[in-house]
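Text of structure_15.cif, listed as mmCIF, C-alpha atoms:
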```
data_start
loop_
_atom_site.label_atom_id
_atom_site.label_comp_id
_atom_site.auth_asym_id
_atom_site.auth_seq_id
_atom_site.Cartn_x
_atom_site.Cartn_y
_atom_site.Cartn_z
CA MET A 3 25.52 -17.65 8.42
CA ILE A 4 23.04 -20.48 8.03
CA THR A 5 24.08 -23.89 9.39
CA GLY A 6 22.40 -27.22 9.97
CA ASP A 7 21.54 -26.01 13.48
CA SER A 8 19.74 -22.85 12.32
CA THR A 9 16.04 -22.82 13.15
CA PRO A 10 14.34 -20.83 10.40
CA ARG A 11 10.90 -19.28 10.90
CA LEU A 12 8.74 -16.80 9.05
CA ALA A 13 9.52 -13.16 9.92
CA PRO A 14 6.94 -11.24 11.98
CA GLY A 15 4.07 -10.09 9.78
CA VAL A 16 4.68 -12.84 7.22
CA ARG A 17 2.02 -15.47 6.61
CA LEU A 18 2.13 -18.71 4.59
CA GLN A 19 -1.28 -19.49 3.19
CA PRO A 20 -2.92 -21.71 0.57
CA ASP A 21 -4.52 -19.80 -2.31
CA ARG A 22 -8.17 -20.82 -2.66
CA VAL A 23 -8.57 -19.29 -6.12
CA ARG A 24 -5.23 -19.68 -7.91
CA GLY A 25 -4.09 -22.87 -6.17
CA GLY A 26 -0.72 -23.43 -4.52
CA PHE A 27 0.64 -21.35 -1.65
CA ASN A 28 1.45 -17.67 -1.14
CA LEU A 29 3.83 -15.96 1.23
CA LEU A 30 2.01 -12.81 2.33
CA SER A 31 3.74 -9.77 3.79
CA PRO A 32 2.95 -6.05 3.92
CA GLU A 33 2.34 -4.82 0.36
CA HIS A 34 3.75 -8.01 -1.13
CA VAL A 35 2.59 -11.42 -2.34
CA LEU A 36 5.10 -14.11 -3.23
CA ARG A 37 3.62 -17.04 -5.18
CA LEU A 38 5.43 -20.21 -4.13
CA ASN A 39 6.21 -23.32 -6.12
CA ALA A 40 5.34 -26.66 -4.52
CA SER A 41 8.83 -27.42 -3.24
CA SER A 42 9.28 -23.98 -1.64
CA ALA A 43 5.88 -24.32 0.04
CA ALA A 44 6.82 -27.79 1.36
CA ILE A 45 10.03 -26.37 2.86
CA LEU A 46 8.41 -23.30 4.41
CA GLN A 47 5.66 -25.36 6.03
CA LEU A 48 8.42 -26.94 8.11
CA CYS A 49 10.04 -23.64 9.11
CA ASP A 50 8.40 -23.25 12.52
CA GLY A 51 11.33 -21.87 14.51
CA GLN A 52 11.59 -25.23 16.34
CA ARG A 53 12.97 -27.61 13.73
CA SER A 54 16.61 -27.17 12.79
CA LEU A 55 17.61 -26.96 9.17
CA GLY A 56 19.09 -30.45 9.50
CA GLU A 57 15.78 -31.80 10.78
CA ILE A 58 13.90 -30.07 7.97
CA VAL A 59 16.17 -31.75 5.43
CA ASP A 60 15.71 -35.15 7.14
CA HIS A 61 11.97 -34.68 7.04
CA LEU A 62 11.99 -33.79 3.35
CA ALA A 63 14.33 -36.68 2.54
CA GLY A 64 11.74 -39.02 4.04
CA GLN A 65 8.97 -37.33 2.09
CA PHE A 66 10.57 -37.01 -1.35
CA ALA A 67 12.84 -39.28 -3.32
CA ALA A 68 15.79 -36.92 -3.44
CA GLU A 69 19.41 -36.99 -2.30
CA ARG A 70 20.00 -35.49 1.10
CA GLU A 71 22.88 -33.30 -0.09
CA GLN A 72 20.85 -31.86 -2.94
CA LEU A 73 17.94 -31.19 -0.59
CA ALA A 74 20.21 -29.47 1.91
CA ASN A 75 21.51 -27.19 -0.84
CA ASP A 76 17.98 -26.35 -2.00
CA VAL A 77 16.71 -25.62 1.50
CA THR A 78 19.72 -23.45 2.35
CA ALA A 79 19.41 -21.50 -0.89
CA LEU A 80 15.70 -20.83 -0.30
CA ILE A 81 16.23 -19.73 3.31
CA GLU A 82 19.09 -17.44 2.30
CA THR A 83 17.05 -15.84 -0.47
CA LEU A 84 14.02 -15.27 1.74
CA GLN A 85 16.15 -14.05 4.62
CA ALA A 86 17.67 -11.40 2.36
CA ARG A 87 14.12 -10.31 1.54
CA ARG A 88 13.20 -10.23 5.26
CA LEU A 89 10.55 -12.89 4.82
CA VAL A 90 12.36 -15.50 6.92
CA GLU A 91 14.50 -15.21 10.06
CA THR A 92 16.98 -17.68 11.55
CA MET B 16 -12.89 -8.02 -21.15
CA ASN B 17 -11.40 -10.90 -19.21
CA ALA B 18 -10.40 -9.64 -15.77
CA PRO B 19 -7.72 -11.53 -13.82
CA ALA B 20 -8.34 -12.16 -10.11
CA PRO B 21 -7.35 -9.12 -8.05
CA PHE B 22 -4.81 -9.29 -5.20
CA ALA B 23 -5.63 -6.34 -2.95
CA LEU B 24 -8.59 -4.43 -1.59
CA LEU B 25 -8.35 -1.00 0.03
CA ALA B 26 -11.26 -0.60 2.42
CA GLU B 27 -11.84 3.08 3.18
CA LEU B 28 -13.83 2.47 6.34
CA THR B 29 -14.58 6.14 6.92
CA HIS B 30 -13.62 9.60 5.73
CA ARG B 31 -13.63 10.91 9.30
CA CYS B 32 -10.13 11.77 10.52
CA PRO B 33 -8.53 13.73 13.36
CA LEU B 34 -5.88 14.99 10.92
CA ALA B 35 -6.30 17.34 7.97
CA CYS B 36 -3.22 16.69 5.80
CA PRO B 37 -3.17 18.86 2.67
CA TYR B 38 -2.34 15.89 0.38
CA CYS B 39 -5.14 13.64 1.67
CA SER B 40 -6.12 10.99 -0.89
CA ASN B 41 -9.79 11.21 0.05
CA PRO B 42 -12.03 13.05 -2.43
CA LEU B 43 -12.88 16.75 -2.07
CA GLU B 44 -16.44 15.72 -1.33
CA LEU B 45 -16.20 13.48 1.74
CA ASP B 46 -18.69 10.73 2.61
CA ARG B 47 -20.74 11.56 5.68
CA LYS B 48 -20.83 9.33 8.73
CA SER B 49 -24.51 8.52 8.23
CA ASP B 50 -23.73 7.07 4.75
CA GLU B 51 -20.99 4.70 5.97
CA LEU B 52 -21.41 0.98 5.38
CA ALA B 53 -22.51 -1.06 8.39
CA ILE B 54 -20.30 -3.82 9.74
CA GLU B 55 -22.54 -6.48 8.14
CA ASP B 56 -21.84 -4.95 4.71
CA TRP B 57 -18.09 -4.94 5.31
CA VAL B 58 -18.08 -8.54 6.56
CA ARG B 59 -19.89 -9.63 3.39
CA VAL B 60 -17.46 -7.61 1.24
CA PHE B 61 -14.45 -9.24 2.96
CA ASN B 62 -15.85 -12.71 2.33
CA GLU B 63 -16.67 -11.90 -1.29
CA ALA B 64 -13.17 -10.44 -1.68
CA ALA B 65 -11.52 -13.64 -0.48
CA GLU B 66 -13.71 -15.71 -2.82
CA LEU B 67 -12.68 -13.44 -5.69
CA GLY B 68 -8.99 -14.16 -5.00
CA ILE B 69 -8.06 -11.08 -2.99
CA LEU B 70 -5.23 -11.82 -0.56
CA GLN B 71 -4.48 -8.50 1.09
CA LEU B 72 -6.84 -6.15 2.83
CA HIS B 73 -5.77 -2.61 3.66
CA LEU B 74 -7.97 -1.08 6.34
CA SER B 75 -7.78 2.63 5.73
CA GLY B 76 -9.79 5.83 5.85
CA GLY B 77 -9.83 8.65 6.86
CA GLU B 78 -8.72 7.29 10.17
CA PRO B 79 -10.01 3.71 10.49
CA ALA B 80 -9.72 3.88 14.30
CA VAL B 81 -12.71 6.23 14.50
CA ARG B 82 -14.81 3.14 13.78
CA HIS B 83 -15.57 1.53 17.12
CA ASP B 84 -16.11 -1.83 15.41
CA LEU B 85 -12.53 -1.95 14.06
CA ALA B 86 -11.54 -5.06 16.05
CA GLU B 87 -14.66 -6.88 14.77
CA LEU B 88 -13.68 -5.90 11.22
CA VAL B 89 -10.20 -7.35 11.78
CA THR B 90 -11.76 -10.55 13.11
CA ALA B 91 -13.91 -10.78 9.98
CA ALA B 92 -10.86 -10.24 7.77
CA ARG B 93 -8.99 -12.99 9.58
CA GLU B 94 -11.91 -15.40 9.32
CA ALA B 95 -12.16 -14.68 5.59
CA GLY B 96 -8.45 -15.60 5.27
CA LEU B 97 -7.31 -12.10 4.27
CA TYR B 98 -3.95 -10.63 5.26
CA SER B 99 -4.90 -7.47 7.14
CA ASN B 100 -2.91 -4.25 7.20
CA LEU B 101 -4.14 -1.29 9.26
CA ILE B 102 -3.17 2.10 7.81
CA THR B 103 -3.47 4.58 10.66
CA SER B 104 -2.38 7.93 12.04
CA GLY B 105 -2.25 6.28 15.47
CA ILE B 106 -4.50 9.01 16.86
CA GLY B 107 -7.43 7.39 18.64
CA LEU B 108 -5.78 4.05 19.36
CA ASN B 109 -4.37 3.17 22.78
CA GLU B 110 -2.75 0.09 24.33
CA ALA B 111 -6.08 -1.56 25.10
CA ARG B 112 -7.43 -1.17 21.56
CA LEU B 113 -4.11 -2.28 20.07
CA GLY B 114 -4.28 -5.39 22.23
CA GLU B 115 -7.76 -6.11 20.88
CA LEU B 116 -6.59 -5.68 17.30
CA ALA B 117 -3.59 -7.96 17.84
CA ALA B 118 -5.82 -10.58 19.48
CA ALA B 119 -8.28 -10.29 16.58
CA GLY B 120 -5.47 -11.33 14.24
CA LEU B 121 -4.24 -8.08 12.70
CA ASP B 122 -1.20 -8.96 10.58
CA HIS B 123 0.55 -5.62 10.23
CA LEU B 124 0.26 -1.94 11.07
CA GLN B 125 1.34 1.05 9.02
CA LEU B 126 1.79 4.33 10.87
CA SER B 127 1.97 7.67 9.08
CA ILE B 128 4.31 10.37 10.23
CA GLN B 129 4.30 13.80 8.60
CA ASP B 130 7.88 14.93 9.32
CA THR B 131 10.64 14.43 11.88
CA GLU B 132 10.48 18.06 13.07
CA PRO B 133 7.54 17.90 15.52
CA GLU B 134 6.39 21.46 14.90
CA ASN B 135 6.29 21.08 11.13
CA ALA B 136 4.79 17.60 11.42
CA ASP B 137 1.91 19.02 13.47
CA ARG B 138 1.46 21.90 11.02
CA ILE B 139 1.12 19.43 8.13
CA ALA B 140 -1.23 17.16 10.10
CA GLY B 141 -3.29 20.12 11.27
CA LEU B 142 -3.20 18.82 14.86
CA VAL B 143 -1.04 20.16 17.68
CA GLY B 144 0.75 17.38 19.57
CA ALA B 145 0.12 14.77 16.87
CA HIS B 146 3.78 13.92 16.33
CA ARG B 147 4.51 13.38 20.00
CA ARG B 148 1.48 11.10 20.28
CA LYS B 149 2.61 9.09 17.25
CA ARG B 150 6.00 8.44 18.86
CA VAL B 151 4.31 7.08 21.99
CA PHE B 152 1.93 5.06 19.85
CA ALA B 153 4.75 3.38 17.91
CA GLY B 154 6.13 2.03 21.19
CA GLN B 155 2.71 0.61 22.02
CA VAL B 156 2.53 -1.07 18.61
CA ARG B 157 5.82 -2.84 19.25
CA ALA B 158 4.71 -3.78 22.78
CA ALA B 159 1.57 -5.34 21.30
CA GLY B 160 3.83 -7.48 19.10
CA LEU B 161 2.56 -6.03 15.83
CA PRO B 162 4.98 -5.60 12.92
CA LEU B 163 5.30 -1.93 12.01
CA THR B 164 5.86 0.05 8.83
CA VAL B 165 6.27 3.81 8.98
CA ASN B 166 5.11 5.81 6.00
CA VAL B 167 5.89 9.40 5.14
CA VAL B 168 4.39 11.44 2.32
CA LEU B 169 7.22 13.52 0.85
CA HIS B 170 6.86 17.11 -0.33
CA ARG B 171 8.78 20.36 -0.43
CA SER B 172 8.56 21.11 3.28
CA ASN B 173 9.98 17.77 4.52
CA ILE B 174 12.04 16.42 1.63
CA ALA B 175 15.29 17.71 3.18
CA ARG B 176 14.94 15.24 6.06
CA LEU B 177 14.95 11.82 4.35
CA GLY B 178 17.89 10.61 6.44
CA ALA B 179 16.22 11.68 9.68
CA MET B 180 12.99 9.96 8.62
CA VAL B 181 14.75 6.65 8.11
CA GLU B 182 16.57 6.99 11.44
CA GLU B 183 13.34 7.86 13.23
CA ALA B 184 11.55 4.87 11.70
CA ILE B 185 14.36 2.57 12.90
CA ALA B 186 14.20 4.14 16.37
CA LEU B 187 10.43 3.62 16.44
CA GLY B 188 10.93 -0.10 15.79
CA ALA B 189 9.79 -0.23 12.17
CA ARG B 190 11.35 -2.82 9.85
CA ARG B 191 10.05 -1.07 6.77
CA ILE B 192 9.54 2.55 5.71
CA GLU B 193 7.56 3.87 2.76
CA LEU B 194 8.75 7.19 1.41
CA ALA B 195 6.20 8.27 -1.17
CA HIS B 196 6.03 11.61 -2.91
CA ALA B 197 2.71 13.40 -2.69
CA GLN B 198 0.32 12.74 -5.57
CA TYR B 199 -1.54 15.63 -7.12
CA TYR B 200 -5.20 14.63 -7.10
CA GLY B 201 -8.06 16.09 -5.10
CA TRP B 202 -6.61 17.85 -2.05
CA GLY B 203 -3.10 17.27 -3.34
CA GLU B 204 -3.94 18.98 -6.62
CA ARG B 205 -5.30 21.97 -4.74
CA ASN B 206 -2.07 22.16 -2.79
CA ARG B 207 0.26 21.30 -5.64
CA ALA B 208 2.22 24.56 -5.54
CA ALA B 209 2.82 24.11 -1.81
CA LEU B 210 3.73 20.42 -2.08
CA MET B 211 5.82 19.99 -5.21
CA PRO B 212 9.57 20.00 -4.57
CA ASP B 213 11.95 21.81 -6.88
CA ARG B 214 13.51 19.66 -9.60
CA GLU B 215 16.92 19.72 -7.88
CA ALA B 216 15.44 18.57 -4.57
CA ALA B 217 13.45 15.79 -6.26
CA LEU B 218 16.49 14.46 -8.10
CA ALA B 219 18.67 14.73 -4.98
CA ALA B 220 16.05 12.72 -3.03
CA ARG B 221 16.31 9.85 -5.48
CA ASP B 222 20.09 9.67 -5.00
CA GLU B 223 19.80 10.02 -1.24
CA VAL B 224 17.35 7.10 -1.04
CA ALA B 225 19.90 4.89 -2.82
CA GLU B 226 22.54 5.87 -0.23
CA LEU B 227 20.16 5.35 2.68
CA ARG B 228 19.20 1.89 1.41
CA ALA B 229 22.84 0.86 1.37
CA ARG B 230 23.63 2.44 4.76
CA HIS B 231 20.64 0.93 6.63
CA ALA B 232 20.29 -2.36 4.73
CA ASP B 233 20.55 -4.43 7.92
CA ALA B 234 18.00 -2.38 9.85
CA ILE B 235 15.17 -1.47 7.52
CA THR B 236 13.65 -1.92 4.07
CA ILE B 237 13.02 1.35 2.22
CA ASP B 238 10.21 1.50 -0.33
CA TYR B 239 10.36 4.67 -2.39
CA VAL B 240 7.75 6.22 -4.69
CA PRO B 241 9.42 8.89 -6.86
CA PRO B 242 7.67 12.11 -7.90
CA ASP B 243 6.43 11.47 -11.41
CA TYR B 244 6.51 15.09 -12.61
CA PHE B 245 10.27 14.82 -12.97
CA ALA B 246 10.33 11.40 -14.62
CA ARG B 247 10.69 10.51 -18.29
CA TYR B 248 7.89 7.95 -18.31
CA PRO B 249 4.72 7.88 -16.24
CA LYS B 250 4.13 5.62 -13.25
CA PRO B 251 2.28 2.37 -14.07
CA CYS B 252 -0.68 3.64 -12.08
CA MET B 253 -2.33 0.85 -10.00
CA ASN B 254 -0.24 -1.53 -12.17
CA GLY B 255 -2.99 -1.04 -14.72
CA TRP B 256 -6.64 -0.10 -14.37
CA GLY B 257 -8.73 -2.95 -12.96
CA ARG B 258 -5.85 -5.42 -13.06
CA GLN B 259 -4.78 -6.03 -9.45
CA SER B 260 -6.68 -4.01 -6.91
CA LEU B 261 -9.82 -2.14 -6.01
CA ASN B 262 -11.01 0.44 -3.47
CA VAL B 263 -14.27 0.43 -1.58
CA THR B 264 -15.37 3.87 -0.34
CA PRO B 265 -17.01 4.42 3.08
CA SER B 266 -20.44 4.48 1.42
CA GLY B 267 -19.79 1.32 -0.62
CA LEU B 268 -18.78 2.50 -4.10
CA VAL B 269 -16.15 0.31 -5.71
CA LEU B 270 -13.40 2.25 -7.48
CA PRO B 271 -10.43 1.20 -9.60
CA CYS B 272 -8.32 3.80 -7.74
CA HIS B 273 -8.57 6.54 -5.11
CA ALA B 274 -9.18 9.37 -7.52
CA ALA B 275 -11.39 7.62 -10.10
CA GLN B 276 -14.42 9.66 -9.09
CA THR B 277 -12.74 12.75 -10.57
CA ILE B 278 -13.30 11.26 -14.06
CA PRO B 279 -16.68 12.38 -15.38
CA GLY B 280 -19.02 9.86 -16.96
CA LEU B 281 -17.73 6.75 -15.17
CA GLU B 282 -20.43 4.57 -13.64
CA PHE B 283 -19.42 3.07 -10.29
CA TRP B 284 -21.39 0.27 -8.71
CA ASN B 285 -22.09 -0.07 -5.00
CA VAL B 286 -21.59 -3.14 -2.81
CA ARG B 287 -25.05 -2.48 -1.39
CA GLU B 288 -26.52 -3.41 -4.80
CA HIS B 289 -24.01 -5.77 -6.43
CA GLY B 290 -21.66 -8.58 -5.47
CA LEU B 291 -17.97 -7.70 -5.49
CA ALA B 292 -17.10 -10.26 -8.21
CA GLU B 293 -19.81 -8.86 -10.50
CA ILE B 294 -18.54 -5.32 -9.89
CA TRP B 295 -14.94 -6.33 -10.59
CA ARG B 296 -15.77 -8.19 -13.79
CA ALA B 297 -18.59 -6.16 -15.28
CA SER B 298 -19.07 -2.68 -13.79
CA PRO B 299 -18.65 0.06 -16.41
CA ALA B 300 -16.01 1.95 -14.41
CA PHE B 301 -13.71 -1.09 -14.25
CA GLU B 302 -14.25 -1.93 -17.91
CA ALA B 303 -13.56 1.64 -19.07
CA PHE B 304 -9.75 1.49 -19.14
CA ARG B 305 -8.88 -2.20 -18.97
CA GLY B 306 -6.34 -3.48 -21.48
CA THR B 307 -5.11 -1.29 -24.33
CA GLU B 308 -8.18 -0.86 -26.59
CA TRP B 309 -9.12 2.49 -25.07
CA MET B 310 -5.69 3.99 -25.71
CA ARG B 311 -4.90 6.83 -28.07
CA GLU B 312 -1.58 7.64 -29.65
CA PRO B 313 1.20 7.80 -28.65
CA CYS B 314 0.26 5.01 -26.16
CA ARG B 315 -1.61 2.84 -28.62
CA SER B 316 1.43 1.87 -30.68
CA CYS B 317 4.01 2.40 -27.92
CA GLU B 318 6.25 -0.50 -26.97
CA ARG B 319 5.80 0.49 -23.30
CA ARG B 320 1.99 0.28 -23.37
CA ASP B 321 1.96 -2.94 -21.30
CA ILE B 322 4.60 -1.56 -18.91
CA ASP B 323 3.16 1.89 -18.13
CA HIS B 324 -0.47 1.10 -19.00
CA GLY B 325 -0.69 4.66 -20.31
CA GLY B 326 0.20 6.10 -16.89
CA CYS B 327 -2.55 7.56 -14.78
CA ARG B 328 -6.08 8.18 -16.13
CA CYS B 329 -6.90 10.72 -13.42
CA GLN B 330 -3.75 12.69 -14.13
CA ALA B 331 -4.44 12.59 -17.88
CA LEU B 332 -7.85 14.07 -17.15
CA ALA B 333 -6.64 16.66 -14.63
CA LEU B 334 -3.90 17.99 -16.92
CA SER B 335 -5.11 17.41 -20.48
CA GLY B 336 -8.86 17.47 -19.96
CA ASP B 337 -9.43 13.91 -21.25
CA ALA B 338 -8.85 10.69 -19.33
CA ARG B 339 -8.13 8.77 -22.57
CA ASN B 340 -5.04 10.78 -23.36
CA THR B 341 -1.52 9.68 -22.55
CA ASP B 342 -0.56 10.72 -19.03
CA PRO B 343 1.10 14.13 -19.69
CA VAL B 344 3.92 13.15 -17.33
CA CYS B 345 5.19 10.98 -20.20
CA SER B 346 7.85 12.78 -22.23
CA LEU B 347 6.16 11.36 -25.37
CA SER B 348 2.81 13.02 -24.57
CA PRO B 349 1.80 15.97 -26.78
CA HIS B 350 0.68 17.63 -23.50
CA HIS B 351 4.01 17.14 -21.73
CA GLY B 352 4.74 20.87 -21.94
CA LEU B 353 2.03 21.40 -19.29
CA VAL B 354 3.94 19.25 -16.82
CA GLU B 355 7.15 21.10 -17.49
CA GLU B 356 5.34 24.42 -16.99
CA ILE B 357 3.90 23.28 -13.67
CA ALA B 358 7.23 21.87 -12.51
CA ALA B 359 8.92 25.19 -13.31
CA ALA B 360 6.14 27.41 -11.88
CA GLY B 361 6.37 29.36 -8.63
CA ARG B 362 5.76 27.63 -5.31
CA LYS B 363 3.67 28.55 -2.24
CA ASP B 364 4.03 27.86 1.46
CA ARG B 365 0.42 27.92 2.64
CA TYR B 366 -1.87 24.89 2.55
CA VAL B 367 -5.57 24.47 2.01
CA MET B 368 -6.19 21.92 4.77
CA ARG B 369 -8.44 18.94 4.12
CA GLY B 370 -12.03 19.46 5.23
CA ARG B 371 -14.18 17.38 7.57
CA PRO B 372 -17.08 15.18 6.49
CA ALA B 373 -20.59 16.15 7.51
CA ARG B 374 -22.32 13.91 10.07
#
```
Would you mind writing the file's structure down as structure tokens?
Amino acid sequence: MITGDSTPRLAPGVRLQPDRVRGGFNLLSPEHVLRLNASSAAILQLCDGQRSLGEIVDHLAGQFAAEREQLANDVTALIETLQARRLVET
Amino acid sequence: MNAPAPFALLAELTHRCPLACPYCSNPLELDRKSDELAIEDWVRVFNEAAELGILQLHLSGGEPAVRHDLAELVTAAREAGLYSNLITSGIGLNEARLGELAAAGLDHLQLSIQDTEPENADRIAGLVGAHRRKRVFAGQVRAAGLPLTVNVVLHRSNIARLGAMVEEAIALGARRIELAHAQYYGWGERNRAALMPDREAALAARDEVAELRARHADAITIDYVPPDYFARYPKPCMNGWGRQSLNVTPSGLVLPCHAAQTIPGLEFWNVREHGLAEIWRASPAFEAFRGTEWMREPCRSCERRDIDHGGCRCQALALSGDARNTDPVCSLSPHHGLVEEIAAAGRKDRYVMRGRPAR
């Protein structure tokens, strides 16, 4: 269960990296490349295992003109999806 | 032809290997040690690969650990910005070398096991004690903090133990297991009658994998490569020729796939003479089967031509005598009867073991 206190981080063996040729960011893992959209990349750059989900949302709210509740939903949905694919841990 | 940027490079650092598995993906004629690329060549190739858009580097062989400069190669991969995956038997690596690889920035390690029954595993590997050493090695991988995948090549003498393989991989600390049926090229083609499971066993394996995925969903990811001789449509080999990935052989030839050298008349270019981008975009071997123009019927007008990409060129050659034909594994191929004959033919128990490269 993901809460505002969860501290998401990339799973071992997973790397977030800018793509020099195609632009944007990729999430690299064994045998797999996930191309990220700009908002997913912005969220994952904050997932360092230190910041809580609440702090990540606060940070993004300061960065983008978006409602905090909507941001919280987006961040939670992304973390849940990537956790199910073993790319993120909490 | 316009070639998209590739994603992955398989670097076959050497054909030397302490094992002699009968399904080895190396060619029948192995590159000798004296022909292997020097580290300077590989470092240049890694940098050119990153510039070309390649993201993932698979360090393979043979056994890549027989190269004493492996940690330097990993450092070069890291500096080029490539995600590095070491594909190893574990034989020849110890705690100290693993520590060096981890410190050099290795991202992930893939360990092969041959079976869960040690005696049969060692028989397949052609090395007594190999399985025991692999179990010790897996513990060292975890201790070094490296994420681990276990891979097992499936065939008639181990296919009954899928459940045990998944349990062993979990016990070894792997978060991912690759269960891939043997492919019948090169050494595997020579050993086809000893490797190919019966139809019933192949179909049962598919169902068992589905059950194992559900049962162990919290512990491990299972990637499964089915045996294509029992399928209705062919595998989309390499996700299409020259579309996503390339192989560099120990002596520097750049291939669209492992077995491409079995196709007569293809001209491969060498990284000693050409840049990687030029080879990817313009070398005759990569251009030969890109897109759909080269296709014959029934592929040419098939609605699956951009899904299957005609299947496998090397298999089309090996079975029908012409690499331009539809992969005979496809039930629509006029040569499909050959596949059914082979699948129904008698089986053997003895292997022709893989040879050793000359010095």
All residues 10 Å or closer to stretch 31-42 of chain A, all atoms listed in the file, same chain fewer than 4 positions away omitted, as an MDAnalysis selection string: (chainID A and resid 13:21 24:27 46:47 62 66 76:77 80:81 88:89) or (chainID B and resid 22:23 70:73 98:100 122:125 162:164 191)
Selection near B:Ala232, 12 Å with all atoms listed in the file, sequence-local residues under 2 positions removed, as JSON, numbers by chain: {"A": [86, 87, 88], "B": [181, 185, 190, 191, 192, 224, 225, 226, 227, 228, 229, 230, 234, 235, 236, 237, 238]}
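Distance annotation: of B:Leu177, B:Ala303, B:Ile294, B:Ala186, the residue with the minimal separation from B:Ala219 is B:Leu177; atom set is all atoms listed in the file.
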Residue with smallest distance to chain B - pool A:Ala43, A:Leu73, A:Thr83, A:Val23, counting all atoms listed in the file: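 Closest candidate: A:Val23.
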Residues returned when the PyMOL selection byres ((chain A and resi 57) around 12) runs on this file, as a ChimeraX atom specification: /A:5-10,45,48-56,58-64,70,73-74,77
Selection as a list in words: residues within 12 Å of (17.9, 19.2, 6.8), counting only C-alpha atoms: Asp130, Thr131, Glu132, Arg171, Ser172, Asn173, Ile174, Ala175, Arg176, Leu177, Gly178, Ala179, Met180, Ala216 and Ala220 of chain B
Who sits within 10 Å of B:Val143, only C-alpha atoms, same chain under 5 positions skipped, as an MDAnalysis selection string: chainID B and resid 34 133:138 148
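Interatomic distance, atom CA of B:Met310 to atom CA of B:Gly255: 12.4 Å.
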For B:Ile322: contacts at 9 Å, only C-alpha atoms, fewer than 2 positions along chain excluded, given as a PyMOL selection string: chain B and resi 251+254-255+318-320+324-325
Target residues per the PyMOL selection byres ((chain B and resi 280) around 12), formatted as a list in words: Ala275, Gln276, Thr277, Ile278, Pro279, Leu281, Glu282, Phe283, Pro299, Ala300, Ala303, Leu332, Asp337 and Ala338 of chain B
Picked residues, the PyMOL selection byres ((chain B and resi 329) around 10), expected as a VMD selection string: chain B and resid 199 to 201 252 272 to 278 326 to 328 330 to 339 342
Of the listed residues A:Gln65, A:Asn28, A:Thr92, A:Gln72, that which approaches chain B most closely, counting all atoms listed in the file: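 Comparing A:Gln65, A:Asn28, A:Thr92, A:Gln72 against chain B, the winner is A:Asn28.
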Spatial neighbours of B:Leu121, 8 Å, only C-alpha atoms, chain gap at least 4 places, as a PyMOL selection string: chain B and resi 89-90+93+98-101+116-117+161
Residues within 12 Å of (-20.6, -3.1, -13.2), counting only C-alpha atoms, listed as a ChimeraX atom specification: /B:257,268-271,281-286,288-303
Restrict the selected residues to C-alpha atoms and save them as a PDB file, keeping the file's coordinate frame.
```
ATOM      1  CA  GLY B 257      -8.730  -2.950 -12.960  1.00  0.00           C
ATOM      2  CA  LEU B 268     -18.780   2.500  -4.100  1.00  0.00           C
ATOM      3  CA  VAL B 269     -16.150   0.310  -5.710  1.00  0.00           C
ATOM      4  CA  LEU B 270     -13.400   2.250  -7.480  1.00  0.00           C
ATOM      5  CA  PRO B 271     -10.430   1.200  -9.600  1.00  0.00           C
ATOM      6  CA  LEU B 281     -17.730   6.750 -15.170  1.00  0.00           C
ATOM      7  CA  GLU B 282     -20.430   4.570 -13.640  1.00  0.00           C
ATOM      8  CA  PHE B 283     -19.420   3.070 -10.290  1.00  0.00           C
ATOM      9  CA  TRP B 284     -21.390   0.270  -8.710  1.00  0.00           C
ATOM     10  CA  ASN B 285     -22.090  -0.070  -5.000  1.00  0.00           C
ATOM     11  CA  VAL B 286     -21.590  -3.140  -2.810  1.00  0.00           C
ATOM     12  CA  GLU B 288     -26.520  -3.410  -4.800  1.00  0.00           C
ATOM     13  CA  HIS B 289     -24.010  -5.770  -6.430  1.00  0.00           C
ATOM     14  CA  GLY B 290     -21.660  -8.580  -5.470  1.00  0.00           C
ATOM     15  CA  LEU B 291     -17.970  -7.700  -5.490  1.00  0.00           C
ATOM     16  CA  ALA B 292     -17.100 -10.260  -8.210  1.00  0.00           C
ATOM     17  CA  GLU B 293     -19.810  -8.860 -10.500  1.00  0.00           C
ATOM     18  CA  ILE B 294     -18.540  -5.320  -9.890  1.00  0.00           C
ATOM     19  CA  TRP B 295     -14.940  -6.330 -10.590  1.00  0.00           C
ATOM     20  CA  ARG B 296     -15.770  -8.190 -13.790  1.00  0.00           C
ATOM     21  CA  ALA B 297     -18.590  -6.160 -15.280  1.00  0.00           C
ATOM     22  CA  SER B 298     -19.070  -2.680 -13.790  1.00  0.00           C
ATOM     23  CA  PRO B 299     -18.650   0.060 -16.410  1.00  0.00           C
ATOM     24  CA  ALA B 300     -16.010   1.950 -14.410  1.00  0.00           C
ATOM     25  CA  PHE B 301     -13.710  -1.090 -14.250  1.00  0.00           C
ATOM     26  CA  GLU B 302     -14.250  -1.930 -17.910  1.00  0.00           C
ATOM     27  CA  ALA B 303     -13.560   1.640 -19.070  1.00  0.00           C
TER      28      ALA B 303
END
```
